[in-house]
Every structure is written in C-alpha cells, then in structure tokens.
$ cat start_0.cif   # mmCIF, N, CA and C atoms
data_final
#
loop_
_atom_site.label_atom_id
_atom_site.label_comp_id
_atom_site.auth_asym_id
_atom_site.auth_seq_id
_atom_site.Cartn_x
_atom_site.Cartn_y
_atom_site.Cartn_z
N MET A 11 -50.27 77.35 97.85
CA MET A 11 -49.68 78.68 97.81
C MET A 11 -50.67 79.61 97.10
N VAL A 12 -50.89 80.76 97.66
CA VAL A 12 -51.82 81.75 97.12
C VAL A 12 -51.02 82.86 96.44
N TYR A 13 -51.55 83.38 95.34
CA TYR A 13 -50.85 84.47 94.65
C TYR A 13 -50.85 85.71 95.52
N ASP A 14 -49.68 86.30 95.70
CA ASP A 14 -49.50 87.53 96.47
C ASP A 14 -49.19 88.65 95.49
N LYS A 15 -50.10 89.61 95.35
CA LYS A 15 -49.93 90.70 94.39
C LYS A 15 -48.76 91.62 94.73
N ASN A 16 -48.16 91.42 95.89
CA ASN A 16 -47.00 92.22 96.28
C ASN A 16 -45.71 91.43 96.26
N ASN A 17 -45.71 90.28 95.57
CA ASN A 17 -44.46 89.52 95.46
C ASN A 17 -43.48 90.30 94.58
N ILE A 18 -42.21 89.95 94.69
CA ILE A 18 -41.16 90.71 93.99
C ILE A 18 -41.35 90.75 92.48
N PHE A 19 -41.84 89.66 91.88
CA PHE A 19 -42.02 89.65 90.42
C PHE A 19 -43.19 90.52 90.01
N ALA A 20 -44.25 90.55 90.81
CA ALA A 20 -45.38 91.44 90.54
C ALA A 20 -44.91 92.90 90.60
N LYS A 21 -44.05 93.20 91.56
CA LYS A 21 -43.52 94.56 91.69
C LYS A 21 -42.61 94.92 90.51
N ILE A 22 -41.84 93.95 90.03
CA ILE A 22 -41.00 94.18 88.84
C ILE A 22 -41.90 94.44 87.63
N LEU A 23 -42.95 93.64 87.48
CA LEU A 23 -43.86 93.82 86.35
C LEU A 23 -44.55 95.19 86.39
N ARG A 24 -44.83 95.70 87.58
CA ARG A 24 -45.46 97.02 87.72
C ARG A 24 -44.45 98.17 87.62
N GLY A 25 -43.17 97.84 87.53
CA GLY A 25 -42.13 98.86 87.43
C GLY A 25 -41.74 99.47 88.76
N GLU A 26 -42.15 98.85 89.86
CA GLU A 26 -41.81 99.36 91.20
C GLU A 26 -40.40 98.97 91.61
N ILE A 27 -39.89 97.90 91.04
CA ILE A 27 -38.53 97.43 91.29
C ILE A 27 -37.86 97.28 89.92
N PRO A 28 -36.66 97.82 89.75
CA PRO A 28 -36.00 97.70 88.45
C PRO A 28 -35.45 96.29 88.22
N CYS A 29 -35.22 95.99 86.97
CA CYS A 29 -34.58 94.73 86.61
C CYS A 29 -33.69 94.98 85.40
N LYS A 30 -32.76 94.07 85.18
CA LYS A 30 -31.90 94.14 84.00
C LYS A 30 -32.55 93.25 82.94
N LYS A 31 -33.37 93.88 82.12
CA LYS A 31 -34.21 93.18 81.16
C LYS A 31 -33.40 92.54 80.04
N ILE A 32 -33.81 91.32 79.69
CA ILE A 32 -33.24 90.60 78.55
C ILE A 32 -34.21 90.62 77.39
N TYR A 33 -35.49 90.39 77.68
CA TYR A 33 -36.51 90.26 76.64
C TYR A 33 -37.87 90.54 77.24
N GLU A 34 -38.73 91.13 76.42
CA GLU A 34 -40.10 91.37 76.85
C GLU A 34 -41.02 91.37 75.65
N ASN A 35 -42.20 90.80 75.83
CA ASN A 35 -43.26 90.93 74.83
C ASN A 35 -44.58 91.12 75.58
N GLU A 36 -45.67 90.99 74.91
CA GLU A 36 -46.99 91.21 75.52
C GLU A 36 -47.29 90.25 76.68
N TYR A 37 -46.67 89.06 76.67
CA TYR A 37 -47.01 88.01 77.62
C TYR A 37 -45.93 87.68 78.64
N VAL A 38 -44.69 88.06 78.35
CA VAL A 38 -43.54 87.56 79.09
C VAL A 38 -42.53 88.67 79.39
N LEU A 39 -41.85 88.52 80.52
CA LEU A 39 -40.69 89.37 80.83
C LEU A 39 -39.55 88.45 81.23
N SER A 40 -38.36 88.72 80.71
CA SER A 40 -37.17 87.97 81.09
C SER A 40 -36.10 88.96 81.54
N PHE A 41 -35.38 88.59 82.60
CA PHE A 41 -34.36 89.46 83.16
C PHE A 41 -33.32 88.62 83.88
N TYR A 42 -32.19 89.24 84.19
CA TYR A 42 -31.12 88.55 84.90
C TYR A 42 -31.47 88.43 86.38
N ASP A 43 -31.15 87.28 86.96
CA ASP A 43 -31.34 87.05 88.39
C ASP A 43 -30.39 87.95 89.17
N ILE A 44 -30.88 88.57 90.26
CA ILE A 44 -30.02 89.47 91.04
C ILE A 44 -29.03 88.71 91.91
N ASN A 45 -29.24 87.41 92.07
CA ASN A 45 -28.33 86.57 92.86
C ASN A 45 -27.97 85.34 92.02
N PRO A 46 -27.16 85.54 90.97
CA PRO A 46 -26.91 84.44 90.02
C PRO A 46 -26.23 83.23 90.67
N GLN A 47 -26.71 82.05 90.28
CA GLN A 47 -26.17 80.78 90.77
C GLN A 47 -25.20 80.15 89.77
N ARG A 48 -25.16 80.67 88.56
CA ARG A 48 -24.25 80.21 87.52
C ARG A 48 -23.77 81.42 86.73
N LYS A 49 -22.83 81.21 85.82
CA LYS A 49 -22.28 82.30 85.01
C LYS A 49 -23.40 83.10 84.34
N ILE A 50 -24.36 82.40 83.75
CA ILE A 50 -25.56 83.04 83.20
C ILE A 50 -26.74 82.49 83.98
N HIS A 51 -27.53 83.40 84.54
CA HIS A 51 -28.71 83.01 85.31
C HIS A 51 -29.80 84.03 85.02
N ALA A 52 -30.76 83.62 84.21
CA ALA A 52 -31.86 84.50 83.82
C ALA A 52 -33.18 83.93 84.35
N LEU A 53 -34.16 84.79 84.40
CA LEU A 53 -35.51 84.38 84.79
C LEU A 53 -36.47 84.73 83.66
N VAL A 54 -37.49 83.91 83.48
CA VAL A 54 -38.56 84.17 82.54
C VAL A 54 -39.86 84.06 83.33
N ILE A 55 -40.68 85.12 83.29
CA ILE A 55 -41.94 85.13 84.03
C ILE A 55 -43.09 85.53 83.10
N PRO A 56 -44.26 84.95 83.32
CA PRO A 56 -45.42 85.43 82.57
C PRO A 56 -45.89 86.76 83.16
N LYS A 57 -46.54 87.57 82.36
CA LYS A 57 -47.07 88.83 82.87
C LYS A 57 -48.38 88.64 83.62
N GLY A 58 -49.01 87.49 83.45
CA GLY A 58 -50.23 87.20 84.20
C GLY A 58 -49.92 86.75 85.61
N SER A 59 -50.92 86.80 86.47
CA SER A 59 -50.78 86.47 87.89
C SER A 59 -51.00 84.98 88.13
N TYR A 60 -49.96 84.18 87.91
CA TYR A 60 -50.03 82.74 88.09
C TYR A 60 -49.04 82.31 89.16
N VAL A 61 -49.50 81.51 90.09
CA VAL A 61 -48.67 81.07 91.21
C VAL A 61 -47.56 80.14 90.75
N ASP A 62 -47.91 79.15 89.94
CA ASP A 62 -46.93 78.13 89.54
C ASP A 62 -47.36 77.52 88.22
N LEU A 63 -46.62 76.53 87.78
CA LEU A 63 -46.89 75.90 86.49
C LEU A 63 -48.27 75.27 86.45
N ASP A 64 -48.68 74.61 87.52
CA ASP A 64 -50.00 74.00 87.55
C ASP A 64 -51.09 75.05 87.35
N ASP A 65 -51.02 76.14 88.09
CA ASP A 65 -51.98 77.24 87.98
C ASP A 65 -52.00 77.79 86.55
N PHE A 66 -50.81 77.99 85.99
CA PHE A 66 -50.68 78.54 84.65
C PHE A 66 -51.31 77.63 83.60
N LEU A 67 -51.04 76.34 83.67
CA LEU A 67 -51.57 75.42 82.67
C LEU A 67 -53.08 75.22 82.81
N ILE A 68 -53.60 75.36 84.01
CA ILE A 68 -55.05 75.23 84.23
C ILE A 68 -55.78 76.52 83.85
N ASN A 69 -55.23 77.67 84.22
CA ASN A 69 -55.94 78.93 84.08
C ASN A 69 -55.44 79.87 82.99
N GLY A 70 -54.26 79.61 82.46
CA GLY A 70 -53.71 80.48 81.43
C GLY A 70 -54.40 80.30 80.10
N LYS A 71 -54.39 81.34 79.30
CA LYS A 71 -54.93 81.25 77.95
C LYS A 71 -53.89 80.56 77.06
N GLU A 72 -54.38 79.88 76.05
CA GLU A 72 -53.49 79.11 75.17
C GLU A 72 -52.37 79.99 74.61
N ARG A 73 -52.67 81.20 74.21
CA ARG A 73 -51.66 82.09 73.63
C ARG A 73 -50.58 82.44 74.66
N GLU A 74 -50.98 82.67 75.91
CA GLU A 74 -50.02 82.96 76.98
C GLU A 74 -49.06 81.79 77.17
N ILE A 75 -49.61 80.60 77.18
CA ILE A 75 -48.81 79.39 77.40
C ILE A 75 -47.81 79.19 76.27
N ILE A 76 -48.29 79.31 75.05
CA ILE A 76 -47.41 79.15 73.89
C ILE A 76 -46.29 80.19 73.92
N GLU A 77 -46.64 81.44 74.13
CA GLU A 77 -45.64 82.52 74.14
C GLU A 77 -44.64 82.35 75.27
N PHE A 78 -45.10 81.89 76.41
CA PHE A 78 -44.20 81.69 77.54
C PHE A 78 -43.11 80.67 77.20
N PHE A 79 -43.52 79.51 76.71
CA PHE A 79 -42.53 78.47 76.43
C PHE A 79 -41.67 78.81 75.22
N LYS A 80 -42.22 79.48 74.23
CA LYS A 80 -41.39 79.94 73.11
C LYS A 80 -40.36 80.96 73.59
N SER A 81 -40.74 81.78 74.55
CA SER A 81 -39.85 82.81 75.06
C SER A 81 -38.65 82.24 75.79
N ILE A 82 -38.82 81.11 76.47
CA ILE A 82 -37.68 80.47 77.14
C ILE A 82 -36.61 80.14 76.11
N SER A 83 -37.01 79.53 75.02
CA SER A 83 -36.06 79.19 73.96
C SER A 83 -35.47 80.45 73.33
N HIS A 84 -36.29 81.45 73.12
CA HIS A 84 -35.82 82.70 72.52
C HIS A 84 -34.78 83.37 73.41
N VAL A 85 -35.02 83.41 74.70
CA VAL A 85 -34.06 84.02 75.64
C VAL A 85 -32.74 83.26 75.61
N ALA A 86 -32.80 81.93 75.57
CA ALA A 86 -31.58 81.13 75.49
C ALA A 86 -30.78 81.49 74.23
N LYS A 87 -31.47 81.72 73.15
CA LYS A 87 -30.79 82.13 71.91
C LYS A 87 -30.19 83.52 72.06
N LEU A 88 -30.92 84.44 72.68
CA LEU A 88 -30.39 85.79 72.90
C LEU A 88 -29.14 85.76 73.77
N LEU A 89 -29.12 84.86 74.74
CA LEU A 89 -27.98 84.72 75.65
C LEU A 89 -26.84 83.89 75.05
N LYS A 90 -27.07 83.36 73.83
CA LYS A 90 -26.09 82.53 73.11
C LYS A 90 -25.73 81.26 73.88
N ILE A 91 -26.76 80.67 74.51
CA ILE A 91 -26.57 79.41 75.23
C ILE A 91 -27.55 78.34 74.74
N SER A 92 -28.21 78.58 73.63
CA SER A 92 -29.20 77.63 73.13
C SER A 92 -28.54 76.30 72.81
N SER A 93 -29.35 75.32 72.46
CA SER A 93 -28.81 74.00 72.14
C SER A 93 -27.89 74.05 70.93
N ARG A 94 -27.98 75.09 70.13
CA ARG A 94 -27.05 75.25 69.00
C ARG A 94 -25.69 75.72 69.48
N ASN A 95 -25.64 76.22 70.70
CA ASN A 95 -24.38 76.61 71.31
C ASN A 95 -23.97 75.49 72.26
N GLU A 96 -23.78 75.80 73.52
CA GLU A 96 -23.32 74.78 74.48
C GLU A 96 -24.44 74.20 75.33
N GLY A 97 -25.62 74.77 75.26
CA GLY A 97 -26.76 74.26 76.00
C GLY A 97 -27.01 74.99 77.32
N TYR A 98 -28.10 74.66 77.95
CA TYR A 98 -28.54 75.34 79.17
C TYR A 98 -29.49 74.43 79.94
N ARG A 99 -29.83 74.88 81.14
CA ARG A 99 -30.81 74.16 81.97
C ARG A 99 -31.92 75.13 82.34
N THR A 100 -33.16 74.62 82.34
CA THR A 100 -34.28 75.38 82.88
C THR A 100 -34.75 74.70 84.15
N LEU A 101 -35.29 75.50 85.06
CA LEU A 101 -35.76 74.97 86.34
C LEU A 101 -36.91 75.83 86.82
N SER A 102 -37.96 75.17 87.29
CA SER A 102 -39.06 75.87 87.94
C SER A 102 -39.40 75.13 89.22
N ASN A 103 -39.31 75.82 90.34
CA ASN A 103 -39.67 75.24 91.62
C ASN A 103 -41.18 75.42 91.81
N ILE A 104 -41.86 74.35 92.21
CA ILE A 104 -43.31 74.39 92.35
C ILE A 104 -43.70 73.94 93.75
N GLY A 105 -44.35 74.83 94.47
CA GLY A 105 -44.86 74.50 95.79
C GLY A 105 -43.78 74.41 96.86
N VAL A 106 -44.24 74.21 98.08
CA VAL A 106 -43.35 74.16 99.24
C VAL A 106 -42.31 73.06 99.11
N ASN A 107 -42.72 71.85 98.77
CA ASN A 107 -41.78 70.74 98.65
C ASN A 107 -40.84 70.89 97.46
N GLY A 108 -41.24 71.68 96.48
CA GLY A 108 -40.39 71.93 95.32
C GLY A 108 -39.43 73.09 95.53
N GLY A 109 -39.52 73.75 96.68
CA GLY A 109 -38.60 74.84 96.99
C GLY A 109 -39.02 76.19 96.45
N GLN A 110 -40.29 76.34 96.06
CA GLN A 110 -40.74 77.62 95.54
C GLN A 110 -40.77 78.67 96.65
N GLU A 111 -40.16 79.81 96.38
CA GLU A 111 -40.11 80.90 97.36
C GLU A 111 -41.00 82.07 96.98
N VAL A 112 -41.10 82.36 95.68
CA VAL A 112 -41.91 83.49 95.21
C VAL A 112 -43.17 82.92 94.55
N PRO A 113 -44.36 83.35 95.01
CA PRO A 113 -45.60 82.81 94.47
C PRO A 113 -46.00 83.42 93.13
N HIS A 114 -45.08 83.41 92.18
CA HIS A 114 -45.34 83.83 90.81
C HIS A 114 -44.54 82.88 89.92
N LEU A 115 -45.21 82.24 88.97
CA LEU A 115 -44.52 81.30 88.08
C LEU A 115 -43.27 81.93 87.50
N HIS A 116 -42.17 81.21 87.57
CA HIS A 116 -40.94 81.67 86.95
C HIS A 116 -40.06 80.47 86.63
N PHE A 117 -39.38 80.58 85.51
CA PHE A 117 -38.39 79.59 85.11
C PHE A 117 -37.02 80.23 85.18
N HIS A 118 -36.08 79.51 85.74
CA HIS A 118 -34.68 79.92 85.75
C HIS A 118 -34.05 79.34 84.50
N ILE A 119 -33.14 80.08 83.90
CA ILE A 119 -32.32 79.59 82.79
C ILE A 119 -30.87 79.71 83.26
N PHE A 120 -30.18 78.57 83.32
CA PHE A 120 -28.78 78.53 83.74
C PHE A 120 -27.92 78.16 82.54
N GLY A 121 -26.77 78.81 82.38
CA GLY A 121 -25.88 78.44 81.29
C GLY A 121 -24.57 79.20 81.36
N GLY A 122 -23.83 79.10 80.26
CA GLY A 122 -22.55 79.78 80.17
C GLY A 122 -21.40 78.99 80.77
N GLU A 123 -21.72 77.86 81.37
CA GLU A 123 -20.74 76.95 81.95
C GLU A 123 -21.42 75.61 82.17
N LYS A 124 -20.65 74.59 82.48
CA LYS A 124 -21.24 73.28 82.74
C LYS A 124 -22.04 73.38 84.03
N VAL A 125 -23.30 73.01 83.95
CA VAL A 125 -24.19 73.11 85.11
C VAL A 125 -24.09 71.87 85.98
N GLY A 126 -23.78 70.74 85.42
CA GLY A 126 -23.69 69.51 86.20
C GLY A 126 -24.98 68.71 86.08
N LYS A 127 -25.01 67.58 86.78
CA LYS A 127 -26.17 66.70 86.67
C LYS A 127 -27.40 67.25 87.37
N MET A 128 -27.20 67.92 88.51
CA MET A 128 -28.32 68.46 89.27
C MET A 128 -27.93 69.82 89.83
N VAL A 129 -28.91 70.68 90.03
CA VAL A 129 -28.69 71.97 90.68
C VAL A 129 -29.01 71.76 92.16
N SER A 130 -28.12 72.19 93.03
CA SER A 130 -28.36 72.01 94.47
C SER A 130 -29.14 73.16 95.04
#

$ encode --input "start_0.cif" --output "structure tokens"
Amino acid sequence: MVYDKNNIFAKILRGEIPCKKIYENEYVLSFYDINPQRKIHALVIPKGSYVDLDDFLINGKEREIIEFFKSISHVAKLLKISSRNEGYRTLSNIGVNGGQEVPHLHFHIFGGEKVGKMVS
C-alpha cells in the first residue's frame, strides 16, 4: 500500500475535513470516528505520513513513536475508559489482508461497553 496524500486522514490533518477532536499535540491527532462501531469509538493518528505500523516503526522518529503510543493511553484516560476504569480495546488494520482501508496509520479505540472477545 502506498501513502496517498489525499486520504481522508491527511485531509483532516490539513483542516480540509472537520473532525470532533479529542486530543492533539505536536505528533498526534485523536478524534471520534464518524461511523462508530461501539459506544465509544475514537481514532488516534500520527501527524506524519505513515501508511501503517510497519512503515511507522521503520521510518518514524523515536519521539514520534513514543508520543503516538503514549497518546493512545492518554486518550483512553480522557474518555474515562482506561484500565483504571472498565478498559478498552485498540485495533490497527495493516495491509490488504488486515482489512486496512485508509493508507494512513491509525489506531481505533473502542470502549464504553463490553467489546467482546473479537471485533468483527
């Protein structure tokens, strides 16, 4: 999969498409999914142009990587679904066989209700 500078997340990062922001810093943007699959469904994306987790871990700067993963936990706390509350699930689809649709790294955060053993 090749990075497409016109993917929906790139457009959100450029401010061309609005989002309901949860959290933002120099490296990360988090917002609510427009088509939620659970009671709480948020997305966390890096501000850099990375196709997927493999691309990010190979080409991302150490600070970007650290901030990205810390932000997932921070967003869960902001949403009051962290492990100190009732818990949550993270999911990142990678590549065609993994079900990735948007060629920009993103993690889903699901919570606010029992998610079950697997997400369909």

$ select_by_dssp --input "start_0.cif" --residues "stretch 46-80 of chain A" --states "alpha helix (DSSP H)" --output "ChimeraX atom specification"
/A:63-69,72-80

$ resolve_selection --input "start_0.cif" --expression "the PyMOL selection byres (((chain A and resi 119-126 and name CA) around 8) and name CA)" --output "PyMOL selection string"
chain A and resi 47-54+82+86+91+96-101+117-118+127-129

$ closest_atom_pairs --input "start_0.cif" --of "stretch 103-126 of chain A" --to "stretch 13-24 of chain A" --cutoff "8 Å" --atoms "all atoms listed in the file" --output "tab-separated table"
residue	atom	partner	partner_atom	distance
A:Val112	CA	A:Ile18	N	6.5
A:Pro113	C	A:Tyr13	CA	5.2
A:His114	N	A:Tyr13	CA	6.4

$ closest_residue --input "start_0.cif" --among "A:Asn95, A:Ile75, A:Leu115, A:Ser83" --to "A:Tyr37" --atoms "only N, CA and C atoms"
A:Ile75

$ closest_residue --input "start_0.cif" --among "A:Gln110, A:Val85, A:Val12, A:Glu77" --to "A:Tyr33" --atoms "all atoms listed in the file"
A:Val85

$ closest_residue --input "start_0.cif" --among "A:Met11, A:Cys29, A:Ile104, A:Ile76" --to "A:Leu63" --atoms "only C-alpha atoms"
A:Ile104

$ axis_aligned_box --input "start_0.cif" --around "stretch 39-45 of chain A" --padding-each-side "4 Å" --output "AutoDock Vina command-line options"
--center_x -34.9 --center_y 87.4 --center_z 86.7 --size_x 21.9 --size_y 12.1 --size_z 20.3

$ atom_distance --input "start_0.cif" --atom1 "atom CA of A:Asn35" --atom2 "atom CA of A:His84"
11.3 Å

$ select_by_dssp --input "start_0.cif" --residues "chain A" --states "strand (DSSP E)" --output "list in words"
Lys31, Ile32, Tyr33, Glu34, Val38, Leu39, Ser40, Phe41, Tyr42, Ile50, His51, Ala52, Leu53, Val54, Ile55, Pro56, Tyr98, Arg99, Thr100, Leu101, Phe117, His118, Ile119, Phe120 and Gly121 of chain A

$ atom_distance --input "start_0.cif" --atom1 "atom CA of A:Ile27" --atom2 "atom CA of A:Ile55"
14.7 Å

$ atom_distance --input "start_0.cif" --atom1 "atom CA of A:Glu34" --atom2 "atom C of A:Ser92"
19.4 Å

$ residues_around --input "start_0.cif" --residues "A:Lys30" --least-positions-apart "4" --cutoff "6.5 Å" --atoms "all atoms listed in the file" --output "JSON, numbers by chain"
{"A": [40, 41, 42]}

$ closest_residue --input "start_0.cif" --among "A:Arg73, A:His116, A:Lys87, A:Lys80" --to "A:Asp43" --atoms "only C-alpha atoms"
A:His116
